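Q: Here you go, final.cif (mmCIF, C-alpha atoms):
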data_upload
loop_
_atom_site.label_atom_id
_atom_site.label_comp_id
_atom_site.auth_asym_id
_atom_site.auth_seq_id
_atom_site.Cartn_x
_atom_site.Cartn_y
_atom_site.Cartn_z
CA MET A 997 0.00 0.00 0.00
CA ASP A 998 1.53 3.34 -0.88
CA THR A 999 1.29 6.31 1.43
CA ASP A 1000 -1.38 8.13 -0.59
CA GLN A 1001 -3.57 5.06 -0.37
CA LEU A 1002 -3.00 4.79 3.36
CA ILE A 1003 -3.94 8.47 3.79
CA ARG A 1004 -7.14 7.86 1.84
CA SER A 1005 -8.15 5.06 4.21
CA LEU A 1006 -7.33 7.21 7.27
CA ALA A 1007 -9.44 10.09 5.95
CA ALA A 1008 -12.31 7.66 5.32
CA ASP A 1009 -12.11 6.67 9.01
CA ASN A 1010 -12.23 10.28 10.24
CA ALA A 1011 -15.82 9.87 11.46
CA HIS A 1012 -14.61 7.44 14.12
CA ARG A 1013 -14.48 9.26 17.44
CA ALA A 1014 -12.55 7.93 20.43
CA PRO A 1015 -13.41 8.92 24.01
CA ARG A 1016 -10.98 11.11 26.00
CA VAL A 1017 -8.22 9.32 27.88
CA GLY A 1018 -9.53 10.71 31.18
CA ALA A 1019 -12.95 9.15 30.64
CA VAL A 1020 -11.45 5.75 29.81
CA LEU A 1021 -9.06 5.91 32.80
CA ILE A 1022 -11.84 6.76 35.28
CA MET A 1023 -14.12 4.05 33.86
CA ALA A 1024 -11.34 1.45 34.07
CA LEU A 1025 -10.59 2.43 37.69
CA LEU A 1026 -14.29 2.18 38.58
CA VAL A 1027 -14.43 -1.29 37.04
CA ALA A 1028 -11.30 -2.39 38.94
CA ALA A 1029 -12.23 -0.84 42.30
CA PRO A 1030 -14.78 -3.49 43.37
CA LEU A 1031 -12.06 -6.15 43.10
CA SER A 1032 -9.77 -4.21 45.42
CA ILE A 1033 -12.65 -3.54 47.79
CA LEU A 1034 -13.45 -7.25 47.76
CA ILE A 1035 -9.88 -8.06 48.84
CA PHE A 1036 -10.22 -5.40 51.54
CA ALA A 1037 -13.58 -6.69 52.82
CA THR A 1038 -12.47 -10.35 52.75
CA PHE A 1039 -9.08 -10.08 54.44
CA LEU A 1040 -8.93 -6.73 56.24
CA GLY A 1041 -12.05 -4.74 56.99
CA VAL A 1042 -12.32 -1.39 58.76
CA ARG A 1043 -10.62 -1.32 62.18
CA ALA A 1044 -12.92 -1.94 65.13
CA ASP A 1045 -12.23 1.36 66.92
CA VAL A 1046 -12.80 3.53 63.87
CA MET A 1047 -15.18 5.92 65.65
CA SER A 1048 -12.65 6.88 68.31
CA ALA A 1049 -9.79 6.78 65.75
CA MET A 1050 -11.51 9.53 63.77
CA ARG A 1051 -10.85 11.89 66.68
CA ASN A 1052 -7.13 11.32 66.22
CA PRO A 1053 -5.78 13.83 63.68
CA PHE A 1054 -3.01 11.40 62.66
CA PHE A 1055 -5.65 8.85 61.62
CA ASP A 1056 -7.24 11.47 59.34
CA THR A 1057 -3.82 12.55 58.09
CA LYS A 1058 -3.29 9.09 56.56
CA PHE A 1059 -6.19 9.69 54.17
CA ALA A 1060 -4.96 13.15 53.31
CA VAL A 1061 -1.56 11.65 52.46
CA THR A 1062 -2.85 8.73 50.37
CA LEU A 1063 -5.37 10.86 48.46
CA SER A 1064 -2.78 13.59 47.90
CA LEU A 1065 -0.79 10.86 46.17
CA ALA A 1066 -3.64 9.26 44.16
CA ILE A 1067 -5.34 12.38 42.83
CA PRO A 1068 -2.24 14.28 41.64
CA ALA A 1069 -0.95 11.01 40.14
CA ILE A 1070 -4.16 10.74 38.09
CA ILE A 1071 -3.76 14.34 36.93
CA VAL A 1072 -0.08 13.90 35.99
CA SER A 1073 -0.70 10.55 34.26
CA LEU A 1074 -3.39 12.17 32.09
CA HIS A 1075 -1.04 15.03 31.27
CA LEU A 1076 1.67 12.55 30.24
CA SER A 1077 -0.76 10.63 28.03
CA ARG A 1078 -0.21 13.35 25.43
CA PRO A 1079 2.85 12.63 23.28
CA GLU A 1080 4.37 16.11 23.48
CA ALA A 1081 3.91 16.45 27.26
CA LEU A 1082 6.86 16.77 29.64
CA LEU A 1083 6.99 16.01 33.35
CA ARG A 1084 8.61 19.41 33.88
CA GLY A 1085 6.22 21.80 35.62
CA TRP A 1086 3.97 18.95 36.76
CA GLY A 1087 6.29 16.73 38.80
CA TRP A 1088 5.97 18.94 41.92
CA LEU A 1089 2.35 17.76 42.25
CA LEU A 1090 3.76 14.36 43.19
CA LEU A 1091 5.62 15.94 46.12
CA LEU A 1092 2.37 16.91 47.85
CA PRO A 1093 2.14 13.71 49.95
CA VAL A 1094 5.84 14.01 50.82
CA GLY A 1095 5.34 17.55 52.11
CA LEU A 1096 2.23 16.54 54.04
CA LEU A 1097 4.09 13.66 55.67
CA ALA A 1098 7.01 15.90 56.61
CA VAL A 1099 4.63 18.36 58.30
CA ALA A 1100 2.84 15.49 60.09
CA ILE A 1101 6.11 13.95 61.32
CA GLY A 1102 7.18 17.36 62.61
CA SER A 1103 3.90 17.92 64.45
CA GLU A 1104 3.99 14.47 66.02
CA ALA A 1105 7.53 15.06 67.26
CA MET A 1106 6.46 18.34 68.90
CA MET A 1107 3.45 16.79 70.63
CA ALA A 1108 5.46 14.64 73.05
CA PRO A 1109 4.21 11.31 71.66
CA ALA A 1110 3.19 8.46 73.94
CA MET A 1111 5.51 5.86 72.38
CA PRO A 1112 9.22 6.01 71.55
CA MET A 1113 10.12 6.75 67.95
CA THR A 1114 11.25 3.25 67.01
CA MET A 1115 7.99 1.75 68.23
CA ARG A 1116 5.94 4.25 66.27
CA LEU A 1117 8.00 3.59 63.19
CA MET A 1118 7.88 -0.20 63.40
CA GLY A 1119 4.23 -0.35 64.49
CA LYS A 1120 2.33 -3.62 64.65
CA ASN A 1121 1.23 -4.01 61.05
CA SER A 1122 4.29 -3.45 58.92
CA ARG A 1123 4.14 -6.87 57.30
CA VAL A 1124 0.39 -6.70 56.61
CA CYS A 1125 0.92 -3.25 55.15
CA LEU A 1126 3.62 -4.48 52.75
CA VAL A 1127 1.36 -7.27 51.48
CA ALA A 1128 -2.08 -5.64 51.61
CA ILE A 1129 -1.30 -2.41 49.75
CA PRO A 1130 0.36 -4.15 46.76
CA ALA A 1131 -2.36 -6.84 46.67
CA MET A 1132 -5.19 -4.31 46.62
CA SER A 1133 -3.22 -2.24 44.10
CA LEU A 1134 -3.01 -4.95 41.48
CA PRO A 1135 -6.60 -4.76 40.14
CA LEU A 1136 -6.41 -0.94 40.17
CA LEU A 1137 -3.00 -1.04 38.47
CA ALA A 1138 -4.43 -3.21 35.70
CA GLY A 1139 -7.29 -0.74 35.34
CA ALA A 1140 -4.98 2.28 35.29
CA LEU A 1141 -2.72 0.69 32.67
CA PHE A 1142 -5.73 -0.23 30.54
CA GLY A 1143 -6.98 3.35 30.75
CA LEU A 1144 -3.59 4.88 29.92
CA ARG A 1145 -3.19 2.55 26.93
CA HIS A 1146 -5.78 4.76 25.32
CA GLY A 1147 -3.29 7.63 25.47
CA ALA A 1148 0.02 8.14 23.68
CA PRO A 1149 2.74 8.59 26.32
CA SER A 1150 6.22 9.34 25.02
CA ARG A 1151 7.79 7.58 28.00
CA PRO A 1152 5.86 4.35 28.62
CA ALA A 1153 7.84 3.33 31.71
CA LEU A 1154 7.23 6.72 33.34
CA ALA A 1155 3.51 6.55 32.50
CA GLY A 1156 3.45 3.01 33.93
CA ALA A 1157 5.12 4.25 37.12
CA LEU A 1158 2.38 6.86 37.44
CA ALA A 1159 -0.25 4.16 37.00
CA GLY A 1160 1.52 2.44 39.91
CA LEU A 1161 1.30 5.61 42.04
CA VAL A 1162 -2.40 6.01 41.20
CA SER A 1163 -3.22 2.44 42.19
CA ALA A 1164 -1.00 2.41 45.28
CA GLY A 1165 -2.50 5.70 46.45
CA LEU A 1166 -6.04 4.35 46.11
CA ALA A 1167 -5.18 0.99 47.69
CA ALA A 1168 -3.41 2.73 50.57
CA THR A 1169 -6.55 4.83 51.14
CA LEU A 1170 -8.48 1.60 51.72
CA TYR A 1171 -5.71 0.13 53.83
CA ALA A 1172 -5.50 3.24 56.03
CA SER A 1173 -8.99 2.54 57.38
CA HIS A 1174 -7.88 -0.94 58.50
CA CYS A 1175 -4.48 -0.22 59.97
CA THR A 1176 -4.19 0.76 63.66
CA ASP A 1177 -0.77 2.32 63.18
CA ASP A 1178 -1.45 6.02 62.74
CA SER A 1179 2.01 7.48 63.29
CA PRO A 1180 3.23 9.48 60.29
CA LEU A 1181 6.57 7.71 60.82
CA PHE A 1182 4.89 4.38 60.14
CA VAL A 1183 3.14 5.76 57.05
CA ALA A 1184 6.34 7.36 55.75
CA THR A 1185 8.19 4.06 56.07
CA TRP A 1186 5.85 1.21 55.22
CA TYR A 1187 3.30 2.87 52.94
CA THR A 1188 6.23 4.31 51.02
CA LEU A 1189 7.90 0.92 50.63
CA ALA A 1190 4.64 -0.67 49.44
CA THR A 1191 4.07 2.22 47.02
CA ALA A 1192 7.60 1.93 45.68
CA LEU A 1193 7.05 -1.75 44.96
CA VAL A 1194 3.79 -1.10 43.08
CA THR A 1195 5.39 1.80 41.19
CA ALA A 1196 8.25 -0.43 40.07
CA ILE A 1197 5.78 -3.05 38.83
CA GLY A 1198 3.84 -0.32 37.03
CA ALA A 1199 6.99 0.99 35.34
CA ALA A 1200 8.07 -2.50 34.24
CA VAL A 1201 4.67 -3.44 32.83
CA GLY A 1202 4.07 0.04 31.43
CA SER A 1203 7.30 -0.04 29.41
CA LYS A 1204 5.79 -3.01 27.54
CA VAL A 1205 2.08 -2.25 27.32
CA LEU A 1206 1.99 1.55 27.07
CA ARG A 1207 3.88 1.77 23.80
CA TYR A 1208 1.52 2.91 21.08
CA MET B 130 7.26 27.98 8.92
CA ARG B 131 4.88 29.64 11.40
CA GLY B 132 2.24 30.10 8.74
CA ARG B 133 2.47 26.49 7.67
CA GLU B 134 2.05 25.23 11.22
CA ASP B 135 -0.88 27.54 11.87
CA GLU B 136 -2.48 26.18 8.74
CA TRP B 137 -2.00 22.60 10.03
CA THR B 138 -3.62 23.50 13.35
CA GLY B 139 -6.59 25.01 11.52
CA LEU B 140 -6.95 21.95 9.30
CA MET B 141 -6.78 19.60 12.29
CA ARG B 142 -9.45 21.60 14.11
CA SER B 143 -11.73 21.30 11.06
CA ALA B 144 -10.90 17.59 10.80
CA MET B 145 -11.83 16.98 14.43
CA ALA B 146 -15.08 18.83 13.82
CA GLY B 147 -15.91 16.28 11.13
CA ASP B 148 -14.41 17.73 7.94
CA ASP B 149 -12.97 14.67 6.17
CA ALA B 150 -11.57 16.72 3.27
CA ALA B 151 -9.61 18.95 5.67
CA TYR B 152 -8.23 15.82 7.34
CA HIS B 153 -7.14 14.42 3.97
CA ARG B 154 -5.44 17.70 3.07
CA LEU B 155 -3.69 17.84 6.42
CA LEU B 156 -2.29 14.32 6.13
CA LYS B 157 -1.10 15.05 2.60
CA ALA B 158 0.52 18.29 3.77
CA VAL B 159 2.46 16.79 6.68
CA THR B 160 3.66 13.67 4.84
CA PRO B 161 6.58 15.25 2.92
CA VAL B 162 7.76 16.95 6.11
CA LEU B 163 7.62 13.66 8.02
CA ARG B 164 9.39 11.89 5.17
CA ALA B 165 12.25 14.39 5.13
CA ALA B 166 12.62 14.13 8.91
CA ALA B 167 12.55 10.32 8.81
CA ARG B 168 15.29 10.31 6.17
CA ARG B 169 17.40 12.67 8.26
CA GLY B 170 16.92 10.50 11.32
CA LEU B 171 17.85 7.32 9.46
CA ALA B 172 20.93 8.94 7.96
CA ARG B 173 22.04 10.04 11.42
CA ALA B 174 21.67 6.46 12.69
CA GLY B 175 23.67 5.15 9.74
CA GLN B 176 20.64 3.40 8.24
CA PRO B 177 19.68 3.34 4.58
CA PRO B 178 16.95 5.85 3.73
CA ASP B 179 14.75 3.25 2.06
CA GLN B 180 12.97 2.54 5.36
CA ALA B 181 11.75 6.12 5.58
CA GLU B 182 8.39 5.31 4.02
CA ASP B 183 7.70 2.58 6.58
CA ILE B 184 8.32 5.11 9.34
CA VAL B 185 6.11 7.71 7.65
CA GLN B 186 3.26 5.22 7.43
CA GLU B 187 3.64 4.18 11.07
CA ILE B 188 3.58 7.84 12.11
CA LEU B 189 0.44 8.48 10.05
CA LEU B 190 -1.33 5.49 11.61
CA ALA B 191 -0.36 6.62 15.12
CA VAL B 192 -1.49 10.19 14.38
CA HIS B 193 -4.81 8.80 13.24
CA LEU B 194 -5.44 6.44 16.15
CA LYS B 195 -4.21 8.85 18.83
CA ARG B 196 -5.67 12.11 17.54
CA HIS B 197 -8.01 12.26 20.54
CA THR B 198 -4.91 13.05 22.65
CA TRP B 199 -4.38 16.28 20.71
CA ASP B 200 -5.64 19.32 22.61
CA SER B 201 -7.47 21.46 20.06
CA GLU B 202 -6.34 24.59 21.94
CA ALA B 203 -2.69 23.65 21.41
CA PRO B 204 -0.67 23.97 18.19
CA PHE B 205 -0.67 20.80 16.10
CA ALA B 206 2.99 20.65 15.03
CA PRO B 207 4.61 19.89 18.44
CA TRP B 208 2.12 17.05 18.97
CA LEU B 209 2.80 15.68 15.49
CA PHE B 210 6.57 15.90 15.82
CA ALA B 211 6.49 14.21 19.23
CA ILE B 212 4.73 11.22 17.66
CA GLY B 213 7.19 11.31 14.78
CA ARG B 214 10.18 11.20 17.14
CA ASN B 215 8.69 8.34 19.14
CA LYS B 216 8.03 6.27 16.05
CA LEU B 217 11.48 6.91 14.64
CA ILE B 218 13.05 5.84 17.95
CA ASP B 219 10.84 2.73 18.00
CA VAL B 220 11.82 1.68 14.51
CA LEU B 221 15.53 2.20 15.16
CA ARG B 222 15.34 0.29 18.45
CA ARG B 223 13.58 -2.59 16.76
CA ARG B 224 16.52 -2.79 14.40
CA GLY B 225 18.84 -2.96 17.36
CA ARG B 226 20.39 0.46 16.87
CA ARG B 227 21.70 2.62 19.66
CA VAL B 228 19.44 5.59 19.35
CA PHE B 229 20.48 9.19 19.36
CA VAL B 230 17.58 10.95 17.77
CA ASN B 231 18.16 14.62 17.38
CA ILE B 232 15.16 16.55 18.64
CA ASP B 233 15.50 18.84 15.66
CA ASP B 234 15.02 16.07 13.11
CA PHE B 235 11.30 16.62 13.42
CA ALA B 236 11.13 20.11 14.79
CA GLU B 237 12.52 21.88 11.75
CA THR B 238 12.44 21.42 8.05
CA LEU B 239 15.20 22.90 6.00
CA PRO B 240 13.83 25.47 3.61
CA GLY B 241 14.01 24.54 -0.04
CA GLU B 242 13.81 20.84 0.68
CA THR B 243 12.32 19.10 -2.30
CA PRO B 244 9.38 16.90 -1.46
CA GLN B 245 10.11 13.29 -2.32
CA GLU B 246 7.75 11.24 -4.41
CA THR B 247 5.37 9.09 -2.44
CA ALA B 248 6.73 5.60 -2.30
CA SER B 249 5.39 2.20 -1.47
CA ALA B 250 6.35 0.77 1.90
CA GLY B 251 6.95 -2.86 2.57
CA GLU B 252 5.88 -3.31 6.18
CA VAL B 253 2.27 -2.15 5.92
CA ALA B 254 1.75 -4.24 2.81
CA VAL B 255 3.13 -7.34 4.55
CA GLN B 256 1.00 -6.86 7.68
CA LEU B 257 -2.07 -6.09 5.57
CA GLY B 258 -1.88 -9.66 4.33
CA THR B 259 -2.25 -11.02 7.86
CA LEU B 260 -5.52 -9.19 8.63
CA PRO B 261 -8.87 -11.01 8.65
CA GLN B 262 -10.41 -11.28 5.18
CA ARG B 263 -13.22 -8.76 5.82
CA GLN B 264 -10.88 -6.04 7.07
CA ARG B 265 -8.48 -6.67 4.22
CA ASP B 266 -11.28 -6.45 1.63
CA VAL B 267 -12.53 -3.18 3.08
CA LEU B 268 -9.04 -1.64 3.25
CA GLN B 269 -8.25 -2.84 -0.26
CA SER B 270 -11.45 -1.29 -1.58
CA ILE B 271 -11.13 2.07 0.19
CA ALA B 272 -7.35 2.55 0.08
CA VAL B 273 -6.29 0.93 -3.17
CA GLU B 274 -9.42 1.15 -5.31
CA ALA B 275 -10.39 4.55 -3.85
CA ALA B 276 -13.99 3.48 -3.40
CA SER B 277 -16.24 5.38 -0.98
CA ILE B 278 -17.66 3.74 2.12
CA LYS B 279 -21.03 3.59 0.39
CA ASP B 280 -19.67 1.89 -2.75
CA THR B 281 -17.59 -0.48 -0.66
CA ALA B 282 -20.69 -1.48 1.32
CA ALA B 283 -22.61 -2.19 -1.88
CA LYS B 284 -19.74 -4.11 -3.47
CA LEU B 285 -19.10 -6.33 -0.41
CA SER B 286 -22.82 -6.64 0.49
CA MET B 287 -22.20 -5.11 3.92
CA SER B 288 -23.96 -2.29 5.74
CA GLU B 289 -22.15 1.05 5.77
CA GLY B 290 -21.84 0.74 9.53
CA ALA B 291 -20.15 -2.64 9.18
CA VAL B 292 -17.73 -1.19 6.61
CA ARG B 293 -16.85 1.65 9.00
CA VAL B 294 -16.26 -0.80 11.84
CA ALA B 295 -14.12 -3.11 9.67
CA LEU B 296 -12.12 -0.12 8.39
CA HIS B 297 -11.38 1.17 11.88
CA ARG B 298 -10.58 -2.26 13.29
CA GLY B 299 -8.35 -2.99 10.30
CA LEU B 300 -6.35 0.21 10.84
CA ALA B 301 -6.05 -0.46 14.58
CA ALA B 302 -4.95 -4.07 13.98
CA LEU B 303 -2.43 -2.94 11.38
CA THR B 304 -0.93 -0.49 13.86
CA ALA B 305 -0.70 -3.13 16.59
CA LYS B 306 0.99 -5.60 14.24
CA LEU B 307 3.52 -3.00 13.07
CA ARG B 308 4.31 -2.12 16.68
CA ASP B 309 4.73 -5.68 17.90
CA HIS B 310 6.23 -7.51 14.95
#
Output the file's structure as structure tokens, nothing else.
A:
Amino acid sequence: MDTDQLIRSLAADNAHRAPRVGAVLIMALLVAAPLSILIFATFLGVRADVMSAMRNPFFDTKFAVTLSLAIPAIIVSLHLSRPEALLRGWGWLLLLPVGLLAVAIGSEAMMAPAMPMTMRLMGKNSRVCLVAIPAMSLPLLAGALFGLRHGAPSRPALAGALAGLVSAGLAATLYASHCTDDSPLFVATWYTLATALVTAIGAAVGSKVLRY
Amino acid sequence: MRGREDEWTGLMRSAMAGDDAAYHRLLKAVTPVLRAAARRGLARAGQPPDQAEDIVQEILLAVHLKRHTWDSEAPFAPWLFAIGRNKLIDVLRRRGRRVFVNIDDFAETLPGETPQETASAGEVAVQLGTLPQRQRDVLQSIAVEAASIKDTAAKLSMSEGAVRVALHRGLAALTAKLRDH
């Protein structure tokens, strides 16, 4: 087929309209979410003392941190789904949860905490955290990658890493309601490790499946 | 150069609003520029220029299937050239080349460059042969025989809707095969 002929067939297909990447991404995440919630409901569940925990600002801070990861990651991943887009000027959005955590760690240190630092950092649930967040992330990661496949990212591994951040942020939001460790030191250590693992998986898979 | 790129942006806006003729004109207008850039990129990588047409066709297919990622408020050329660079890098990588694509290969066209004749490309033709019969028949009719969707539907005893679906699926499948082969 010569190029003029190819162009003719492309022009004939101009009536075909594809949905926006954002719409496909959100739909895919909504389809994947029940699977993650099922894992949560089956193996974890909301912690028993949730009503009193809600009076603890560090319990609430966990959700602020995880959502300040998930939502900016969605925004940046959609930005990067355009071929000419650069991370420059957008990457700072991903530092929001880091900044929040730093402020929370500082406030906890000034409040004369009940437990010594190492105990707060190690907590009681570190192993559950490292398994649960990645496990609940996997359905969401598949959804995020499916959604971003509709885009045209110039750097597929980077876009895949962002899909990992999106899914880890959402999974960590679920996990935060189960976990009884509320210290920002615990979150900064174990949530971060779990997120890093999911992000690495996202980057590895993304480098294969997000090429267009 | 500015004027040309503004014209492309205008044509793409019309195309997205449903003007098939504007879309055809746009694709015809960008092809010689893409071809020149592909040749430059191949030369830089020490590759023979005869693969340039394959790269041009892959770029055109990607432009077509990803045009919903173009922001109609943004200029068209940077979006187009970004796809061009990505496809050139892909093709060179597939051939096992260390890739040093110069950003400017796509960003600028030397003035006075003579447009090359349109040439036949091997890869698309090869992959076309592996498509399902229906999609191949529709593509053959519309691309090679220059039949309209209506005439193609009548000739193949299909509905126009079915022809449109087969055409789009055929183009998408072709792109996937070129990417993964």
Q: With the file shown as input, list the residues that the PyMOL selection byres ((chain B) within 7 of (chain A)) selects, as a PyMOL selection string.
A: chain B and resi 147+149+152-153+156+186+193+195+197-199+207-208+211-212+215+247-250+253-254+268+271-273+293+296-297
Q: Residues near Val1127 (chain A), anyone? I mean within 12 Å using all atoms listed in the file, not counting same-chain ones fewer than 5 positions away, as an mmCIF file with C-alpha atoms, in the frame of the given file.
A:
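Full text of selection.cif as output:
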data_model
loop_
_atom_site.group_PDB
_atom_site.id
_atom_site.type_symbol
_atom_site.label_atom_id
_atom_site.label_comp_id
_atom_site.auth_asym_id
_atom_site.auth_seq_id
_atom_site.Cartn_x
_atom_site.Cartn_y
_atom_site.Cartn_z
ATOM 1 C CA ILE A 1035 -9.880 -8.060 48.840
ATOM 2 C CA PHE A 1036 -10.220 -5.400 51.540
ATOM 3 C CA PHE A 1039 -9.080 -10.080 54.440
ATOM 4 C CA LEU A 1040 -8.930 -6.730 56.240
ATOM 5 C CA ASN A 1121 1.230 -4.010 61.050
ATOM 6 C CA SER A 1122 4.290 -3.450 58.920
ATOM 7 C CA MET A 1132 -5.190 -4.310 46.620
ATOM 8 C CA SER A 1133 -3.220 -2.240 44.100
ATOM 9 C CA LEU A 1134 -3.010 -4.950 41.480
ATOM 10 C CA ALA A 1164 -1.000 2.410 45.280
ATOM 11 C CA ALA A 1167 -5.180 0.990 47.690
ATOM 12 C CA ALA A 1168 -3.410 2.730 50.570
ATOM 13 C CA TYR A 1171 -5.710 0.130 53.830
ATOM 14 C CA TRP A 1186 5.850 1.210 55.220
ATOM 15 C CA TYR A 1187 3.300 2.870 52.940
ATOM 16 C CA LEU A 1189 7.900 0.920 50.630
ATOM 17 C CA ALA A 1190 4.640 -0.670 49.440
ATOM 18 C CA THR A 1191 4.070 2.220 47.020
ATOM 19 C CA LEU A 1193 7.050 -1.750 44.960
ATOM 20 C CA VAL A 1194 3.790 -1.100 43.080
#
Q: Which residue gives the smallest distance to Trp1088 (chain A) among A:Leu1065, A:Ala1184, A:Val1042, A:Ala1155, with only C-alpha atoms counted?
A: A:Leu1065
Q: If I take CA of Trp137 (chain B) and CA of Ser201 (chain B), how far is one from the other in Å, to one decimal?
A: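 Distance between the two atoms: 11.5 Å.
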Q: Could you tell me which residues the PyMOL selection byres ((chain B and resi 308) around 9) returns for this structure, as a ChimeraX atom specification?
A: /A:1207-1208 /B:187,219-220,303-307,309-310
